[in-house]
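So this one's model-v1.csv, CSV, C-alpha atoms and all ligand atoms:
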chain,number,residue,atom,x,y,z
A,17,MET,CA,122.1,52.7,127.6
A,18,ILE,CA,125.2,51.4,125.9
A,19,GLU,CA,124.0,47.9,126.8
A,20,ARG,CA,120.8,48.5,124.9
A,21,MET,CA,122.7,49.8,121.9
A,22,LEU,CA,124.9,46.7,122.0
A,23,GLU,CA,122.0,44.3,122.3
A,24,ASN,CA,120.6,45.5,119.0
A,25,SER,CA,123.8,45.4,117.1
A,26,ASP,CA,125.1,42.8,114.7
A,27,VAL,CA,128.6,43.4,116.1
A,28,SER,CA,127.8,43.4,119.8
A,29,ASP,CA,130.2,40.6,120.6
A,30,ILE,CA,133.1,42.5,119.1
A,31,LEU,CA,132.1,45.8,120.8
A,32,GLN,CA,131.8,44.2,124.1
A,33,ARG,CA,135.3,42.7,123.8
A,34,ALA,CA,136.6,46.2,122.9
A,35,LEU,CA,134.9,47.6,125.9
A,36,ASP,CA,136.5,44.9,128.1
A,37,GLY,CA,139.9,46.0,126.8
A,38,GLU,CA,140.5,42.9,124.6
A,39,ARG,CA,142.5,43.2,121.4
A,40,LEU,CA,140.5,42.9,118.1
A,41,GLY,CA,141.7,40.9,115.2
A,42,LEU,CA,141.5,40.9,111.4
A,43,ASP,CA,138.0,39.3,111.2
A,44,ASP,CA,136.7,41.6,113.9
A,45,GLY,CA,137.9,44.7,112.0
A,46,ILE,CA,136.3,43.4,108.7
A,47,ARG,CA,133.0,42.7,110.4
A,48,LEU,CA,133.0,46.2,112.0
A,49,LEU,CA,133.7,47.8,108.6
A,50,GLN,CA,130.9,45.9,107.0
A,51,SER,CA,128.4,46.6,109.8
A,52,LYS,CA,125.8,49.3,109.3
A,53,ASN,CA,125.7,50.0,113.1
A,54,LEU,CA,127.6,53.3,113.1
A,55,ALA,CA,126.0,54.6,116.2
A,56,ALA,CA,127.1,51.6,118.4
A,57,ILE,CA,130.6,51.4,116.9
A,58,GLY,CA,131.0,55.2,117.3
A,59,ALA,CA,129.7,55.1,120.9
A,60,VAL,CA,132.2,52.4,121.9
A,61,ALA,CA,135.1,54.2,120.1
A,62,ASN,CA,134.1,57.4,122.0
A,63,ILE,CA,134.2,55.6,125.3
A,64,VAL,CA,137.7,54.3,124.5
A,65,ARG,CA,138.8,57.8,123.4
A,66,TRP,CA,137.5,59.2,126.7
A,67,ARG,CA,139.3,56.5,128.7
A,68,LEU,CA,142.6,57.4,127.0
A,69,ASN,CA,142.3,61.2,126.6
A,70,GLY,CA,139.3,62.3,128.7
A,71,SER,CA,137.5,65.4,127.5
A,72,ARG,CA,140.7,66.8,125.9
A,73,SER,CA,140.8,67.5,122.1
A,74,TYR,CA,144.3,68.5,121.1
A,75,TYR,CA,145.4,70.9,118.5
A,76,ILE,CA,148.8,72.4,117.5
A,77,VAL,CA,149.9,75.8,116.2
A,78,ASN,CA,151.9,74.7,113.2
A,79,ARG,CA,152.9,75.5,109.7
A,80,HIS,CA,153.3,73.2,106.8
A,81,ILE,CA,155.9,73.7,104.1
A,82,ASN,CA,156.4,71.7,100.9
A,83,TYR,CA,160.0,72.3,99.8
A,84,THR,CA,159.7,70.5,96.5
A,85,ASN,CA,156.9,69.0,94.4
A,86,VAL,CA,159.4,67.2,92.1
A,87,CYS,CA,159.1,63.5,92.7
A,88,LYS,CA,160.4,60.4,90.9
A,89,ASN,CA,157.7,58.1,92.3
A,90,LYS,CA,154.8,59.3,90.2
A,91,CYS,CA,152.1,57.7,92.4
A,92,ARG,CA,148.7,57.6,90.6
A,93,PHE,CA,146.8,59.0,93.6
A,94,CYS,CA,148.9,62.1,93.9
A,95,ALA,CA,148.0,65.4,92.2
A,96,PHE,CA,150.9,67.2,93.8
A,97,TYR,CA,154.0,65.8,92.1
A,98,LYS,CA,155.7,67.2,89.0
A,99,SER,CA,158.5,66.0,86.8
A,100,PRO,CA,161.8,68.0,87.0
A,101,ASP,CA,161.2,69.6,83.6
A,102,ASP,CA,157.6,70.6,84.2
A,103,PRO,CA,157.2,74.4,84.1
A,104,THR,CA,155.2,74.3,87.4
A,105,ALA,CA,157.9,72.2,89.2
A,106,ILE,CA,159.0,73.9,92.4
A,107,ARG,CA,162.3,73.3,94.2
A,108,MET,CA,162.8,75.8,97.0
A,109,SER,CA,166.2,77.1,98.0
A,110,ILE,CA,167.0,76.8,101.6
A,111,SER,CA,166.6,80.6,102.1
A,112,GLU,CA,163.2,80.4,100.4
A,113,VAL,CA,162.1,77.7,102.8
A,114,SER,CA,163.4,79.6,105.7
A,115,ASP,CA,161.6,82.8,104.5
A,116,ARG,CA,158.4,80.9,103.9
A,117,ALA,CA,158.7,79.5,107.4
A,118,ALA,CA,159.0,83.0,108.8
A,119,GLN,CA,155.7,84.0,107.3
A,120,MET,CA,153.0,84.0,110.0
A,121,TYR,CA,155.5,83.4,112.8
A,122,ASP,CA,155.0,86.9,114.2
A,123,GLN,CA,151.2,86.4,114.2
A,124,ILE,CA,150.9,82.9,115.6
A,125,LYS,CA,154.2,81.8,117.0
A,126,PHE,CA,153.9,78.2,115.8
A,127,THR,CA,155.6,75.5,117.8
A,128,GLU,CA,156.0,73.1,114.8
A,129,LEU,CA,157.2,73.2,111.2
A,130,HIS,CA,155.8,70.2,109.2
A,131,ILE,CA,158.1,69.9,106.2
A,132,VAL,CA,157.5,67.3,103.5
A,133,GLY,CA,158.1,67.1,99.8
A,134,GLY,CA,158.6,64.7,96.8
A,135,CYS,CA,161.5,62.4,96.2
A,136,ASP,CA,163.5,64.8,94.1
A,137,PRO,CA,166.3,63.0,92.3
A,138,ASP,CA,168.5,66.1,92.0
A,139,LEU,CA,168.7,67.3,95.6
A,140,PRO,CA,171.9,66.3,97.3
A,141,PHE,CA,172.2,64.9,100.8
A,142,ASP,CA,173.5,68.2,102.3
A,143,TYR,CA,170.4,70.1,101.0
A,144,TYR,CA,168.4,68.3,103.7
A,145,THR,CA,171.0,68.7,106.5
A,146,ASN,CA,171.5,72.4,105.6
A,147,LEU,CA,167.7,72.9,105.5
A,148,LEU,CA,167.3,71.5,109.0
A,149,SER,CA,170.2,73.3,110.5
A,150,SER,CA,169.3,76.6,109.0
A,151,LEU,CA,165.7,76.3,110.2
A,152,LYS,CA,166.9,75.3,113.6
A,153,SER,CA,169.2,78.2,114.0
A,154,ARG,CA,166.5,80.7,112.9
A,155,PHE,CA,163.7,79.0,115.0
A,156,PRO,CA,165.5,77.3,117.9
A,157,THR,CA,162.4,76.6,119.9
A,158,VAL,CA,160.3,75.3,117.0
A,159,HIS,CA,160.0,71.5,116.6
A,160,LEU,CA,161.0,70.3,113.2
A,161,GLN,CA,158.7,67.4,112.1
A,162,ALA,CA,160.2,66.7,108.7
A,163,PHE,CA,160.5,64.1,105.9
A,164,THR,CA,158.2,61.1,105.6
A,165,ALA,CA,159.7,57.6,105.9
A,166,VAL,CA,159.7,57.6,102.1
A,167,GLU,CA,161.8,60.8,101.9
A,168,ILE,CA,164.1,59.5,104.7
A,169,ALA,CA,164.9,56.4,102.6
A,170,HIS,CA,165.4,58.6,99.5
A,171,ILE,CA,167.7,61.0,101.5
A,172,ALA,CA,169.8,58.0,102.8
A,173,GLU,CA,170.2,56.9,99.2
A,174,ALA,CA,171.3,60.4,98.1
A,175,GLY,CA,173.9,60.3,100.8
A,176,ARG,CA,174.9,56.7,99.9
A,177,MET,CA,174.4,55.5,103.5
A,178,THR,CA,172.1,53.4,105.6
A,179,VAL,CA,168.8,54.7,106.9
A,180,LYS,CA,170.2,54.6,110.4
A,181,GLU,CA,173.3,56.7,109.5
A,182,ALA,CA,171.1,59.2,107.7
A,183,LEU,CA,168.7,59.5,110.6
A,184,LYS,CA,171.6,60.1,113.0
A,185,ILE,CA,172.9,62.9,110.8
A,186,LEU,CA,169.5,64.4,110.2
A,187,ARG,CA,168.8,64.4,113.9
A,188,GLU,CA,172.1,66.2,114.6
A,189,SER,CA,171.1,68.7,112.0
A,190,GLY,CA,167.8,69.5,113.8
A,191,LEU,CA,165.3,66.8,112.9
A,192,ASP,CA,163.0,66.3,115.9
A,193,SER,CA,160.3,63.8,114.6
A,194,ILE,CA,158.9,62.3,111.5
A,195,PRO,CA,155.4,62.8,110.0
A,196,GLY,CA,153.3,59.8,109.2
A,197,GLY,CA,152.9,60.2,105.4
A,198,GLY,CA,153.9,57.8,102.6
A,199,ALA,CA,152.4,54.7,104.2
A,200,GLU,CA,149.4,54.7,101.8
A,201,VAL,CA,147.9,51.1,102.1
A,202,PHE,CA,150.4,48.4,102.8
A,203,SER,CA,148.7,45.9,100.5
A,204,ALA,CA,151.0,44.6,97.6
A,205,ARG,CA,148.0,44.6,95.3
A,206,VAL,CA,147.2,48.3,95.9
A,207,ARG,CA,150.8,49.3,95.7
A,208,SER,CA,151.4,47.6,92.4
A,209,ALA,CA,148.2,49.2,91.0
A,210,LEU,CA,148.8,52.7,92.4
A,211,CYS,CA,152.4,53.3,93.4
A,212,PRO,CA,154.7,50.6,92.2
A,213,SER,CA,157.8,52.8,92.4
A,214,LYS,CA,157.3,54.0,95.9
A,215,LEU,CA,159.2,52.7,99.0
A,216,PRO,CA,157.6,49.3,99.7
A,217,PRO,CA,155.6,48.7,103.0
A,218,ASP,CA,158.3,46.6,104.8
A,219,LYS,CA,160.9,49.4,104.1
A,220,TRP,CA,158.4,52.1,105.3
A,221,LEU,CA,158.0,50.1,108.5
A,222,GLU,CA,161.8,49.5,108.8
A,223,VAL,CA,162.5,53.3,108.5
A,224,MET,CA,160.0,53.8,111.4
A,225,ARG,CA,161.6,51.0,113.4
A,226,GLU,CA,165.1,52.6,113.0
A,227,ALA,CA,163.8,56.0,113.9
A,228,HIS,CA,162.0,54.8,117.0
A,229,SER,CA,165.1,52.9,118.1
A,230,LEU,CA,167.0,56.2,118.0
A,231,GLY,CA,164.3,57.9,120.1
A,232,ILE,CA,162.9,59.8,117.1
A,233,ARG,CA,159.1,59.7,117.4
A,234,SER,CA,156.7,59.6,114.5
A,235,ASN,CA,153.1,59.4,113.3
A,236,ALA,CA,151.5,56.9,110.9
A,237,THR,CA,148.8,57.3,108.2
A,238,MET,CA,146.6,55.3,105.9
A,239,LEU,CA,145.3,56.8,102.6
A,240,TYR,CA,141.8,55.4,102.3
A,241,GLY,CA,138.8,55.6,100.0
A,242,HIS,CA,140.3,54.6,96.7
A,243,ILE,CA,140.7,50.9,95.6
A,244,GLU,CA,141.5,49.3,98.9
A,245,THR,CA,139.3,46.5,100.3
A,246,ASP,CA,138.1,46.3,103.9
A,247,ALA,CA,140.6,43.4,104.6
A,248,GLU,CA,143.4,45.6,103.3
A,249,ARG,CA,142.5,48.4,105.6
A,250,VAL,CA,142.4,46.2,108.7
A,251,GLU,CA,145.7,44.5,107.7
A,252,HIS,CA,147.3,47.9,107.4
A,253,LEU,CA,146.1,48.8,110.9
A,254,ILE,CA,147.4,45.5,112.3
A,255,LYS,CA,150.8,46.0,110.8
A,256,LEU,CA,151.1,49.4,112.5
A,257,ARG,CA,149.9,47.9,115.8
A,258,ASP,CA,152.5,45.2,115.6
A,259,LEU,CA,155.3,47.7,115.1
A,260,GLN,CA,153.9,49.8,117.9
A,261,ASP,CA,154.0,46.8,120.2
A,262,GLU,CA,157.7,46.5,119.4
A,263,THR,CA,158.8,50.2,119.6
A,264,HIS,CA,156.1,52.4,121.2
A,265,GLY,CA,157.4,55.2,119.0
A,266,PHE,CA,154.2,56.2,117.2
A,267,MET,CA,152.2,59.1,118.6
A,268,ALA,CA,149.2,59.5,116.4
A,269,PHE,CA,147.4,57.6,113.6
A,270,ILE,CA,145.9,59.8,110.9
A,271,PRO,CA,143.4,58.3,108.4
A,272,LEU,CA,143.8,60.4,105.2
A,273,LYS,CA,140.7,60.7,103.0
A,274,PHE,CA,141.5,60.3,99.4
A,275,HIS,CA,140.8,63.3,97.1
A,276,ILE,CA,140.5,62.4,93.4
A,277,GLU,CA,140.7,65.7,91.3
A,278,ASN,CA,143.8,65.9,89.0
A,279,THR,CA,144.9,62.4,89.9
A,280,ASP,CA,145.4,59.4,87.6
A,281,ILE,CA,142.6,57.4,89.2
A,282,ASN,CA,139.2,57.6,87.7
A,283,GLN,CA,137.5,54.2,88.0
A,284,GLY,CA,137.1,51.3,90.4
A,285,LEU,CA,136.8,53.7,93.3
A,286,ARG,CA,135.0,52.5,96.4
A,287,ARG,CA,132.0,54.7,97.5
A,288,GLN,CA,133.0,56.7,100.5
A,289,SER,CA,130.2,58.4,102.4
A,290,SER,CA,130.6,60.4,105.6
A,291,THR,CA,129.3,57.5,107.6
A,292,ASP,CA,132.1,55.3,106.2
A,293,ASP,CA,134.6,58.0,107.1
A,294,LEU,CA,133.3,58.1,110.7
A,295,LYS,CA,133.2,54.3,110.9
A,296,LEU,CA,136.8,54.1,109.8
A,297,PHE,CA,137.9,56.6,112.5
A,298,ALA,CA,136.0,54.7,115.1
A,299,ILE,CA,137.4,51.3,114.0
A,300,SER,CA,140.9,52.7,113.9
A,301,ARG,CA,140.5,53.8,117.5
A,302,LEU,CA,139.3,50.3,118.5
A,303,ILE,CA,142.0,48.3,116.6
A,304,LEU,CA,145.0,50.6,117.4
A,305,ASP,CA,144.7,50.0,121.1
A,306,ASN,CA,148.4,50.9,121.6
A,307,PHE,CA,148.2,54.3,119.8
A,308,PRO,CA,147.8,57.2,122.2
A,309,HIS,CA,146.1,59.5,119.6
A,310,ILE,CA,143.9,59.4,116.5
A,311,LYS,CA,144.0,62.6,114.5
A,312,ALA,CA,141.2,64.1,112.4
A,313,PHE,CA,143.2,66.1,109.9
A,314,TRP,CA,140.5,68.8,109.1
A,315,ILE,CA,142.2,69.8,105.9
A,316,MET,CA,141.4,66.4,104.3
A,317,LEU,CA,138.3,65.4,106.2
A,318,GLY,CA,136.6,68.8,106.1
A,319,VAL,CA,136.1,71.0,109.1
A,320,LYS,CA,132.5,69.8,109.9
A,321,LEU,CA,133.3,66.1,109.7
A,322,ALA,CA,136.5,66.6,111.6
A,323,GLN,CA,134.4,68.1,114.4
A,324,ILE,CA,132.1,65.0,114.5
A,325,ALA,CA,135.2,62.7,114.3
A,326,LEU,CA,136.1,64.0,117.8
A,327,SER,CA,133.1,62.0,119.1
A,328,PHE,CA,134.0,58.9,117.0
A,329,GLY,CA,137.4,58.0,118.3
A,330,ALA,CA,139.6,61.0,117.3
A,331,ASP,CA,141.1,63.2,120.0
A,332,ASP,CA,143.3,65.5,117.8
A,333,PHE,CA,142.2,68.2,115.3
A,334,ASP,CA,145.8,68.8,113.9
A,335,GLY,CA,146.6,72.4,113.5
A,336,THR,CA,146.7,75.8,111.9
A,337,VAL,CA,148.6,74.4,108.9
A,338,VAL,CA,148.7,77.9,107.1
A,339,GLU,CA,149.7,76.4,103.7
A,340,GLU,CA,148.7,73.1,102.2
A,341,HIS,CA,149.3,71.8,98.7
A,342,ILE,CA,148.9,68.0,98.6
A,343,THR,CA,145.2,67.8,99.2
A,344,HIS,CA,144.3,71.1,97.6
A,345,SER,CA,146.0,70.0,94.4
A,346,ALA,CA,143.6,67.1,94.5
A,347,GLY,CA,140.5,69.2,94.9
A,348,ALA,CA,140.1,69.8,98.7
A,349,LYS,CA,137.7,72.7,99.3
A,350,THR,CA,138.7,73.3,102.9
A,351,PRO,CA,140.6,76.5,103.8
A,352,GLU,CA,144.4,76.2,104.2
A,353,TYR,CA,144.5,78.0,107.5
A,354,LEU,CA,142.4,78.2,110.6
A,355,THR,CA,143.5,80.6,113.4
A,356,PRO,CA,144.2,79.1,116.8
A,357,GLN,CA,141.0,80.8,118.1
A,358,GLU,CA,138.9,79.3,115.3
A,359,ILE,CA,140.2,75.9,116.1
A,360,ARG,CA,139.5,76.3,119.8
A,361,ASP,CA,135.9,77.4,119.0
A,362,LEU,CA,135.4,74.5,116.6
A,363,ILE,CA,136.6,72.1,119.3
A,364,SER,CA,134.5,73.7,122.0
A,365,GLU,CA,131.4,73.3,119.9
A,366,THR,CA,131.9,69.5,120.1
A,367,GLY,CA,131.6,69.5,123.9
A,368,THR,CA,135.3,68.6,124.4
A,369,VAL,CA,138.0,70.8,125.8
A,370,PRO,CA,140.6,72.4,123.4
A,371,VAL,CA,144.1,71.8,124.6
A,372,GLU,CA,147.1,73.3,122.7
A,373,ARG,CA,149.9,70.7,122.5
A,374,ASP,CA,153.4,70.6,121.1
A,375,THR,CA,154.4,67.9,118.6
A,376,LEU,CA,155.1,65.4,121.5
A,377,TYR,CA,151.7,66.1,123.1
A,378,ASN,CA,153.1,68.2,126.0
A,379,GLU,CA,150.6,70.9,126.9
A,380,VAL,CA,151.6,74.4,125.7
A,381,THR,CA,151.0,77.4,127.7
A,382,ARG,CA,151.5,80.9,126.3
A,383,ASP,CA,152.5,84.1,128.1
A,384,GLU,CA,150.6,87.4,127.7
A,385,THR,CA,152.5,88.2,124.5
A,386,GLY,CA,151.4,84.9,122.9
A,387,MET,CA,154.9,83.3,123.2
A,388,PRO,CA,154.7,79.6,123.9
A,389,ALA,CA,156.2,78.6,127.3
A,390,LEU,CA,157.2,75.2,128.7
A,391,LEU,CA,158.3,73.8,125.4
A,392,LYS,CA,160.3,70.6,125.9
A,393,ARG,CA,162.2,69.0,123.0
A,401,LIG,O1,151.8,60.8,102.1
A,401,LIG,C1,148.6,62.1,98.5
A,401,LIG,C2,148.6,61.6,101.0
A,401,LIG,C3,150.1,62.4,102.5
A,401,LIG,C4,146.5,62.4,98.1
A,401,LIG,O2,152.0,63.1,110.4
A,401,LIG,C5,146.7,62.3,99.5
A,401,LIG,O3,150.8,64.5,111.5
A,401,LIG,C6,144.5,62.6,99.9
A,401,LIG,O4,151.0,62.5,105.5
A,401,LIG,N1,144.2,62.7,98.5
A,401,LIG,C7,150.8,63.6,103.1
A,401,LIG,N2,145.7,62.3,100.4
A,401,LIG,C8,150.0,64.2,104.3
A,401,LIG,C9,150.4,63.5,105.5
A,401,LIG,C10,150.0,64.1,106.8
A,401,LIG,C11,149.1,65.2,106.9
A,401,LIG,C12,148.8,65.7,108.1
A,401,LIG,C13,149.5,65.3,109.3
A,401,LIG,C14,150.4,64.3,109.2
A,401,LIG,C15,151.1,63.9,110.4
A,401,LIG,C16,150.7,63.7,108.0
A,401,LIG,O5,149.0,62.8,101.8
A,401,LIG,C17,150.9,61.6,101.5
A,401,LIG,C18,149.7,60.7,100.9
A,401,LIG,O6,149.5,59.6,101.7
A,401,LIG,N3,148.0,62.0,99.7
A,401,LIG,N4,147.7,62.3,97.6
A,401,LIG,C19,145.2,62.7,97.7
A,401,LIG,N5,145.0,62.8,96.3
Conversion result in structure tokens:
Amino acid sequence: MIERMLENSDVSDILQRALDGERLGLDDGIRLLQSKNLAAIGAVANIVRWRLNGSRSYYIVNRHINYTNVCKNKCRFCAFYKSPDDPTAIRMSISEVSDRAAQMYDQIKFTELHIVGGCDPDLPFDYYTNLLSSLKSRFPTVHLQAFTAVEIAHIAEAGRMTVKEALKILRESGLDSIPGGGAEVFSARVRSALCPSKLPPDKWLEVMREAHSLGIRSNATMLYGHIETDAERVEHLIKLRDLQDETHGFMAFIPLKFHIENTDINQGLRRQSSTDDLKLFAISRLILDNFPHIKAFWIMLGVKLAQIALSFGADDFDGTVVEEHITHSAGAKTPEYLTPQEIRDLISETGTVPVERDTLYNEVTRDETGMPALLKR
């Protein structure tokens, strides 16, 4: 069957090499992105996904918290950030973050707190360490996945220390892993057009290299569907793959679908249909042959498309989330929260098996009271 599909495809040579376990290059990735043969590309990505993860589709019971929306970077694609003097600027005290974190804990006993914010010029270094240690002492079994690579560099600057020194202190304070945000698209052209003040790509990669060398695992993302070209997408993936060859510290890659409302981008956008979304997920699975997981973040992708992505290379649905501001400020119409049961039902509908995981992809079992067991840090 798959042979018949491949025979009729304009990219059969590339797909056959992917099936044979060969590594794909830049030109392969560009040809795949430009092919209209979504079915064949998706079928091969699904085979690769099954080889790696079988019938399992992972999800996590987690809670997102955005501790500040104040940010000095002013990225044009971001509808979330505020200047410090804006009346809607939010800068939570540590007890506010901790109380926010406690909301919903009794109901769902999340295993992860996902904590990200802007690069707020007025927060001192010890805000971050106190934030982590106070959350760790209140929720000792909860994994703290906190601060994108961009924030880590900013925090190191606030503490007037190297990234490595900052990472060590953050880890001692309770940091367990780093989320994948802030990578955007590594292309210099895109960065100078959309986010010239943001931490540059080589520095983003360097923060991840340092973190991985200290045993701190992380994720990686790509913000797509704005002004980036096909070549820039594939170059981004290959840079991530190169670093992963070196460190093996990345757990999941998450393609983040751009949302435009309230942003400073209004022209020159590429058309992004659902078939393009699915093709990008599938191609990410094929190019990132050393990434164990591809995540369909339902908040950004939409619940229905995230379900379909589980048959186009993705094996992870992300989590309960509870509260989300970055995409919703930019017009996302998804809910902010799905219950664990809703997620299990959505995954089961795709013919795959829902598996609750912790942040590091250990399987989570729960006792009769709903308390997670077997949590390893
Ligand atoms: O870094 C900003 C992106 C990211 C918009 O690591 C936008 O598991 C869409 O990184 N439209 C934050 N996206 C979210 C993120 C993330 C989410 C879920 C899981 C993980 C993980 C990471 O959101 C930012 C930026 O790249 N973003 N503005 C927008 N208008």
Next item on the list: List all protein, DNA and RNA residues that have any atom at most 6 Å from ligand LIG 401 (chain A), counting all atoms listed in the file, and write the list as a list of chain:residue names.
Entry: A:Phe93, A:Cys94, A:Ala95, A:Pro195, A:Gly196, A:Gly197, A:Gly198, A:Glu200, A:Asn235, A:Leu239, A:Leu272, A:Lys273, A:Phe274, A:His275, A:Ile276, A:Phe313, A:Ile342, A:Thr343, A:Ala346
Margin query: My list of candidates is A:Ala247, A:Asp293, A:Phe141, A:Ile81. Which is closest to Met177 in chain A when distances are computed with all atoms listed in the file?
Written below: A:Phe141
Can I get the residues of range 221-336 of chain A within 12 Å of range 188-193 of chain A, each with the closest pair of atoms and their distance in Å to one decimal, using only C-alpha atoms, sorted chain first then ascending number, as a Markdown table?
| residue | atom | partner | partner_atom | distance |
| --- | --- | --- | --- | --- |
| A:Met224 | CA | A:Ser193 | CA | 10.5 |
| A:Ala227 | CA | A:Ser193 | CA | 8.6 |
| A:His228 | CA | A:Ser193 | CA | 9.5 |
| A:Leu230 | CA | A:Ser193 | CA | 10.7 |
| A:Gly231 | CA | A:Ser193 | CA | 9.0 |
| A:Ile232 | CA | A:Ser193 | CA | 5.4 |
| A:Arg233 | CA | A:Ser193 | CA | 5.1 |
| A:Ser234 | CA | A:Ser193 | CA | 5.5 |
| A:Asn235 | CA | A:Ser193 | CA | 8.5 |
| A:Ala236 | CA | A:Ser193 | CA | 11.8 |
| A:Gly265 | CA | A:Ser193 | CA | 10.1 |
| A:Phe266 | CA | A:Ser193 | CA | 10.1 |
| A:Met267 | CA | A:Ser193 | CA | 10.2 |
Note to self: I need the residue nearest Leu304 in chain A from this list: A:Asp258, A:Glu222, A:Glu19, A:Glu277. Use all atoms listed in the file for the distance.
What the structure shows: A:Asp258
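Distances from A:Val371, A:Val166, A:Ile299, A:Leu354 to Gly318 in chain A were compared using only C-alpha atoms, and the smallest one belongs to A:Leu354.
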Next item on the list: Return the single residue from A:Lys125, A:Arg72, A:His264, A:Lys255 that is closest to Phe333 in chain A, with distances computed using all atoms listed in the file.
Entry: A:Arg72
Checklist line | Neighbour list for range 278-284 of chain A as a PyMOL selection string, cut-off 12 Å, all atoms listed in the file, skip fewer than 2 positions in-chain | finding: chain A and resi 90-98+206+209-211+241-245+274-276+286-287+342-348
Next item on the list: Please work out which residues fall within 10 Å of (145.0, 72.3, 110.1), coordinates as given in the file, with all atoms listed in the file counting, and return them as a PyMOL selection string.
Entry: chain A and resi 75-80+312-316+318-319+333-340+350-356+359
Next item on the list: Determine the nearest neighbour of Asn69 in chain A from the options A:Pro388, A:Gly367, A:Gly134, A:Gly329, counting all atoms listed in the file.
Entry: A:Gly329
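Nearest residue to Arg382 in chain A among A:Phe202, A:Trp220, A:Phe126, A:Tyr240 is A:Phe126, counting all atoms listed in the file.
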Next item on the list: Would you mind reading off the distance between CA of Ile310 in chain A and CA of Leu68 in chain A, one decimal, in Å?
Entry: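 CA of Leu68 in chain A lies 10.8 Å from CA of Ile310 in chain A.
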For Arg301 in chain A: contacts at 8 Å, all atoms listed in the file, fewer than 3 positions along chain excluded, given as a compact mmCIF listing (two decimals) with C-alpha atoms, in the frame of the given file:
# COMPACT_ATOMS: atom_id res chain seq x y z
CA ALA A 61 135.10 54.20 120.10
CA VAL A 64 137.70 54.30 124.50
CA ARG A 65 138.80 57.80 123.40
CA PHE A 297 137.90 56.60 112.50
CA ALA A 298 136.00 54.70 115.10
CA LEU A 304 145.00 50.60 117.40
CA ASP A 305 144.70 50.00 121.10
CA ILE A 310 143.90 59.40 116.50
CA GLY A 329 137.40 58.00 118.30
CA ALA A 330 139.60 61.00 117.30
Checklist line | Protein/DNA/RNA residues near (134.6, 69.4, 119.8), cut 8 Å, all atoms listed in the file, as a PyMOL selection string | finding: chain A and resi 73+323-324+326-327+362-370
Item checked: Interatomic distance (Å, one decimal) between CA of Thr381 in chain A and CA of Ile270 in chain A ->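 About the pair CA of Thr381 in chain A and CA of Ile270 in chain A: they are 24.9 Å apart.
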Next item on the list: State, in Å with one decimal place, the distance from CA of Tyr143 in chain A to CA of Ser114 in chain A.
Entry: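 Separating CA of Tyr143 in chain A from CA of Ser114 in chain A is a distance of 12.7 Å.
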Note to self: I'd like the neighbourhood of range 49-57 of chain A as a VMD selection string, where a residue qualifies if any of its atoms comes within 12 Å (using all atoms listed in the file), though same-chain residues fewer than 6 positions away should be ignored.
What the structure shows: chain A and resid 17 to 32 34 to 35 42 to 43 63 to 64 245 to 250 290 to 303 327 to 329
Could you save the residues just selected, with C-alpha atoms, as a short mmCIF file (atom, residue, chain, number, x, y, z; two decimals), in the frame of the given file?
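Okay, this is what ended up in out_4.cif:
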data_model
loop_
_atom_site.label_atom_id
_atom_site.label_comp_id
_atom_site.auth_asym_id
_atom_site.auth_seq_id
_atom_site.Cartn_x
_atom_site.Cartn_y
_atom_site.Cartn_z
CA MET A 17 122.10 52.70 127.60
CA ILE A 18 125.20 51.40 125.90
CA GLU A 19 124.00 47.90 126.80
CA ARG A 20 120.80 48.50 124.90
CA MET A 21 122.70 49.80 121.90
CA LEU A 22 124.90 46.70 122.00
CA GLU A 23 122.00 44.30 122.30
CA ASN A 24 120.60 45.50 119.00
CA SER A 25 123.80 45.40 117.10
CA ASP A 26 125.10 42.80 114.70
CA VAL A 27 128.60 43.40 116.10
CA SER A 28 127.80 43.40 119.80
CA ASP A 29 130.20 40.60 120.60
CA ILE A 30 133.10 42.50 119.10
CA LEU A 31 132.10 45.80 120.80
CA GLN A 32 131.80 44.20 124.10
CA ALA A 34 136.60 46.20 122.90
CA LEU A 35 134.90 47.60 125.90
CA LEU A 42 141.50 40.90 111.40
CA ASP A 43 138.00 39.30 111.20
CA ILE A 63 134.20 55.60 125.30
CA VAL A 64 137.70 54.30 124.50
CA THR A 245 139.30 46.50 100.30
CA ASP A 246 138.10 46.30 103.90
CA ALA A 247 140.60 43.40 104.60
CA GLU A 248 143.40 45.60 103.30
CA ARG A 249 142.50 48.40 105.60
CA VAL A 250 142.40 46.20 108.70
CA SER A 290 130.60 60.40 105.60
CA THR A 291 129.30 57.50 107.60
CA ASP A 292 132.10 55.30 106.20
CA ASP A 293 134.60 58.00 107.10
CA LEU A 294 133.30 58.10 110.70
CA LYS A 295 133.20 54.30 110.90
CA LEU A 296 136.80 54.10 109.80
CA PHE A 297 137.90 56.60 112.50
CA ALA A 298 136.00 54.70 115.10
CA ILE A 299 137.40 51.30 114.00
CA SER A 300 140.90 52.70 113.90
CA ARG A 301 140.50 53.80 117.50
CA LEU A 302 139.30 50.30 118.50
CA ILE A 303 142.00 48.30 116.60
CA SER A 327 133.10 62.00 119.10
CA PHE A 328 134.00 58.90 117.00
CA GLY A 329 137.40 58.00 118.30
#
Keeping C-alpha atoms (and nothing else), can you write range 88-97 of chain A of this structure as a tab-separated table (two decimals), in the first residue's frame?
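Output saved as result06.tsv:
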chain	number	residue	atom	x	y	z
A	88	LYS	CA	11.83	44.83	26.88
A	89	ASN	CA	12.09	42.89	23.60
A	90	LYS	CA	8.89	44.14	21.93
A	91	CYS	CA	8.70	41.37	19.31
A	92	ARG	CA	6.32	42.27	16.47
A	93	PHE	CA	4.63	38.85	16.48
A	94	CYS	CA	3.77	39.03	20.18
A	95	ALA	CA	0.40	40.30	21.45
A	96	PHE	CA	1.19	39.44	25.05
A	97	TYR	CA	3.90	41.89	26.07
